[in-house]
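So the structure is just underneath, and the comments pick up after that.
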Amino acid sequence: MSANKAFEMRGVSKAFRFFSLNDVSLDLEPGQIMGLVGPNGAGKSTTIRLLMGLLSADAGEIRLLGRDMPREQAAAKADVGFVSDDMRLFAHATLAWHMDFVAGIYPGWDAAYAAALLKRFGLRAEQPAKSLSTGEQAKALLLLALARRPRLLVLDEPTSGLDPVARHELLSEFMDVLRDDRRSILFSSHNTLDVERISDRITFIDRGRVVAASDKEDFLDRWRRVQLRLPADKPAWSAHEIVACQRDGSLATLTVDGFSDDWLAGLGAPVETVHRMSLEEIFVATVMHSRDVQQARTT
Ligand SMILES: Nc1ncnc2c1ncn2[C@@H]1O[C@H](COP(=O)(O)OP(=O)(O)OP(=O)(O)O)[C@@H](O)[C@H]1O
């Protein structure tokens with residue numbers, strides 16, 4: 001375990017009655033944004049709650065800003081901003097009251113930045129929390145976390161409930177936060193467009209396991225959809241880079257993880273088209289392939 005990482009999880013497991021998170025290992029360098037992507041019930045929130053010391057792991061090691069979790073969580077969390085979608089503001093207090101409250105606890109509170117965020121997010125400090133819309137509440141919680149200027153932001157579904165314009169504003173804000181290259185962000189999302197836009201590192205999780213983790217550029221470079229004509233004497237194609245193959249007569253569409261020009265040349269087949277894949281397509285292909293592999297192992 002390195003003291004320099006923004007966070008590090010090694011072999012972390014947690015069992016609930018109907019679900020278990022298995023052997024999760026993840027880490028993030030300072031100055032980077034990691035998107036944690038997975039289907040409903042994959043274990044994203046559980047992973048984040050373990051990292052934040054809100055759940056205790058059955059096995060494995062966790063370090064947050066170089067501190068052992070959960071033993072040194074008070075020291076670690078002083079420099080971590082955490083927002084999850086089940087957090088609520090005090091209903092009868094105004095946003096200004098919340099800002100004063102947080103400023104009183106965290107010495108890093110940046111009042112000028114908080115005022116700029118208020119404007120940027122279109123929020124009114126004097127409005128009681130109970131009268132804020134869902135999206136305004138989400139923006140208010142993010143403002144309270146961002147204006148502390150924490151070294152690490154941990155955000156569970158930060159863009160759910162936000163309209164496209166607010167999402168755009170928020171993601172731009174995240175990228176601005178990282179102008180200072182010691183700061184880092186971990187955020188979970190279903191929205192692969194958001195993740196593709198701002199992440200440096202991406203982790204896919206499904207059914208309690210990390211199924212792929214890589215730099216975003218590496219994912220986008222490695223994956224391709226290749227259409228080719230199958231020669232009459234070659235009714236199928238197999239190579240470990242091919243994670244899926246769809247046939248339409250002699251035309252085959254291959255989903256490829258591990259693409260390169262040399263690899264393509266080595267196929268020796270008449271190629272019709274080669275398309276880059278979006279992160280969403282890569283995510284779906286990764287999850288489906290991982291489920292097929294798991295199923296093949298258990299049958
Ligand atoms: N405290 C708990 N006790 C028992 N089961 C739990 C507990 N917390 C989570 N689970 C179960 O763990 C599984 C993973 O939940 P988790 O909230 O981590 O998923 P998620 O990937 O964040 O999903 P979503 O995208 O739907 O929010 C679910 O099946 C959930 O029912």
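Convention: chains lettered A, B, ... in structure tokens order; per-chain residue numbering from 1; ligands numbered from 1 as shown.
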
(request) Enumerate residues in contact with ligand 1: an atom-to-atom distance of at most 10 Å, counting only C-alpha atoms and all ligand atoms. Format the result as a PyMOL selection string. (result) chain A and resi 14-21+36-50+55+85+156-157+188-190+205-208

Selection export as a short mmCIF file (atom, residue, chain, number, x, y, z; two decimals), in the first residue's frame, atoms kept: N, CA and C atoms:
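Output (result-v7.cif):
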data_model
loop_
_atom_site.label_atom_id
_atom_site.label_comp_id
_atom_site.auth_asym_id
_atom_site.auth_seq_id
_atom_site.Cartn_x
_atom_site.Cartn_y
_atom_site.Cartn_z
N LYS A 14 -16.96 -7.81 1.30
CA LYS A 14 -18.02 -7.55 2.27
C LYS A 14 -19.23 -8.39 1.88
N ALA A 15 -19.73 -9.18 2.81
CA ALA A 15 -20.89 -10.02 2.50
C ALA A 15 -22.13 -9.50 3.22
N PHE A 16 -23.21 -9.33 2.46
CA PHE A 16 -24.54 -9.12 3.02
C PHE A 16 -25.30 -10.43 2.82
N ARG A 17 -26.54 -10.44 3.28
CA ARG A 17 -27.29 -11.69 3.17
C ARG A 17 -27.48 -12.13 1.72
N PHE A 18 -27.82 -11.17 0.86
CA PHE A 18 -28.13 -11.53 -0.53
C PHE A 18 -27.11 -11.00 -1.54
N PHE A 19 -26.01 -10.49 -1.07
CA PHE A 19 -25.05 -9.85 -1.99
C PHE A 19 -23.68 -9.87 -1.35
N SER A 20 -22.67 -10.07 -2.17
CA SER A 20 -21.32 -9.88 -1.62
C SER A 20 -20.44 -9.13 -2.60
N LEU A 21 -19.61 -8.29 -2.02
CA LEU A 21 -18.59 -7.58 -2.77
C LEU A 21 -17.32 -8.41 -2.60
N LEU A 36 -16.60 5.31 -11.39
CA LEU A 36 -16.95 3.95 -10.98
C LEU A 36 -18.31 3.66 -11.59
N VAL A 37 -18.34 2.73 -12.56
CA VAL A 37 -19.53 2.52 -13.37
C VAL A 37 -20.03 1.10 -13.18
N GLY A 38 -21.33 0.95 -12.98
CA GLY A 38 -21.87 -0.40 -12.85
C GLY A 38 -23.38 -0.37 -12.95
N PRO A 39 -23.99 -1.50 -13.28
CA PRO A 39 -25.45 -1.57 -13.35
C PRO A 39 -26.06 -1.40 -11.95
N ASN A 40 -27.38 -1.30 -11.87
CA ASN A 40 -28.06 -1.23 -10.57
C ASN A 40 -27.66 -2.43 -9.72
N GLY A 41 -27.38 -2.16 -8.46
CA GLY A 41 -27.09 -3.25 -7.53
C GLY A 41 -25.72 -3.88 -7.71
N ALA A 42 -24.83 -3.24 -8.50
CA ALA A 42 -23.52 -3.83 -8.78
C ALA A 42 -22.59 -3.79 -7.57
N GLY A 43 -22.80 -2.81 -6.69
CA GLY A 43 -21.92 -2.68 -5.52
C GLY A 43 -21.16 -1.37 -5.48
N LYS A 44 -21.61 -0.38 -6.27
CA LYS A 44 -20.90 0.91 -6.31
C LYS A 44 -20.99 1.62 -4.95
N SER A 45 -22.22 1.76 -4.44
CA SER A 45 -22.38 2.46 -3.16
C SER A 45 -21.70 1.69 -2.03
N THR A 46 -21.78 0.37 -2.09
CA THR A 46 -21.14 -0.44 -1.04
C THR A 46 -19.62 -0.18 -1.06
N THR A 47 -19.04 -0.14 -2.25
CA THR A 47 -17.60 0.13 -2.37
C THR A 47 -17.27 1.50 -1.77
N ILE A 48 -18.09 2.49 -2.11
CA ILE A 48 -17.84 3.85 -1.62
C ILE A 48 -18.05 3.92 -0.10
N ARG A 49 -19.06 3.25 0.39
CA ARG A 49 -19.31 3.27 1.85
C ARG A 49 -18.17 2.59 2.61
N LEU A 50 -17.61 1.53 2.03
CA LEU A 50 -16.45 0.89 2.66
C LEU A 50 -15.25 1.84 2.68
N LEU A 55 -19.03 1.47 6.38
CA LEU A 55 -19.24 0.03 6.56
C LEU A 55 -17.88 -0.56 6.90
N ASP A 85 -26.35 10.25 -2.71
CA ASP A 85 -27.71 10.71 -3.02
C ASP A 85 -28.71 10.45 -1.89
N ASP A 156 -21.17 9.83 -4.73
CA ASP A 156 -21.97 8.68 -5.14
C ASP A 156 -23.15 9.21 -5.96
N GLU A 157 -23.13 8.95 -7.25
CA GLU A 157 -24.18 9.41 -8.18
C GLU A 157 -24.39 10.93 -8.11
N SER A 188 -19.29 7.78 -8.68
CA SER A 188 -20.00 6.65 -9.26
C SER A 188 -21.11 7.20 -10.15
N SER A 189 -21.43 6.48 -11.19
CA SER A 189 -22.47 6.96 -12.09
C SER A 189 -22.97 5.84 -12.98
N HIS A 190 -24.24 5.98 -13.39
CA HIS A 190 -24.75 5.13 -14.47
C HIS A 190 -24.51 5.82 -15.80
N ILE A 205 -17.80 -2.22 -12.56
CA ILE A 205 -18.09 -3.18 -11.51
C ILE A 205 -19.43 -3.85 -11.84
N ASP A 206 -19.50 -5.15 -11.61
CA ASP A 206 -20.75 -5.88 -11.86
C ASP A 206 -20.85 -7.02 -10.87
N ARG A 207 -22.02 -7.19 -10.28
CA ARG A 207 -22.29 -8.30 -9.36
C ARG A 207 -21.21 -8.44 -8.29
N GLY A 208 -20.78 -7.29 -7.77
CA GLY A 208 -19.85 -7.30 -6.64
C GLY A 208 -18.40 -7.53 -7.01
#

(request) Would you kindly return, as a ChimeraX atom specification, each protein, DNA or RNA residue with an atom no farther than 8 Å from any atom of segment 268-285 of chain A, considering only C-alpha atoms and excluding same-chain residues fewer than 4 positions away? (result) /A:192-193,196,204,219-221,223-231,243-244,255,264,289

(request) Would you mind writing down, as a ChimeraX atom specification, each residue of segment 135-280 of chain A that DSSP on the backbone assigns to strand (DSSP E or B)? (result) /A:152-156,184-189,201-206,209-215,223-229,242-248,251-257,271-276

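Omitting Ala166 of chain A and its sequence neighbours fewer than 3 positions away, and counting only C-alpha atoms, the residues within 10 Å are Arg120, Phe121, Gly122, Gly135, Glu136, Lys139, Thr159, Gly161, Leu162, Asp163, Glu169, Leu170, Leu171 and Ser172 of chain A.
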
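With distances restricted to only C-alpha atoms, A:Ala147 is the closest residue to Tyr106 of chain A from A:Arg10, A:Ser131, A:Ala147, A:Arg67.
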
(message) Which residues are near segment 78-80 of chain A? Cut-off 9 Å, only C-alpha atoms, ignore same chain within fewer than 4 positions. Put them as an MDAnalysis selection string.
(response) chainID A and resid 52 64:65 73:74 106 108 145 148:154
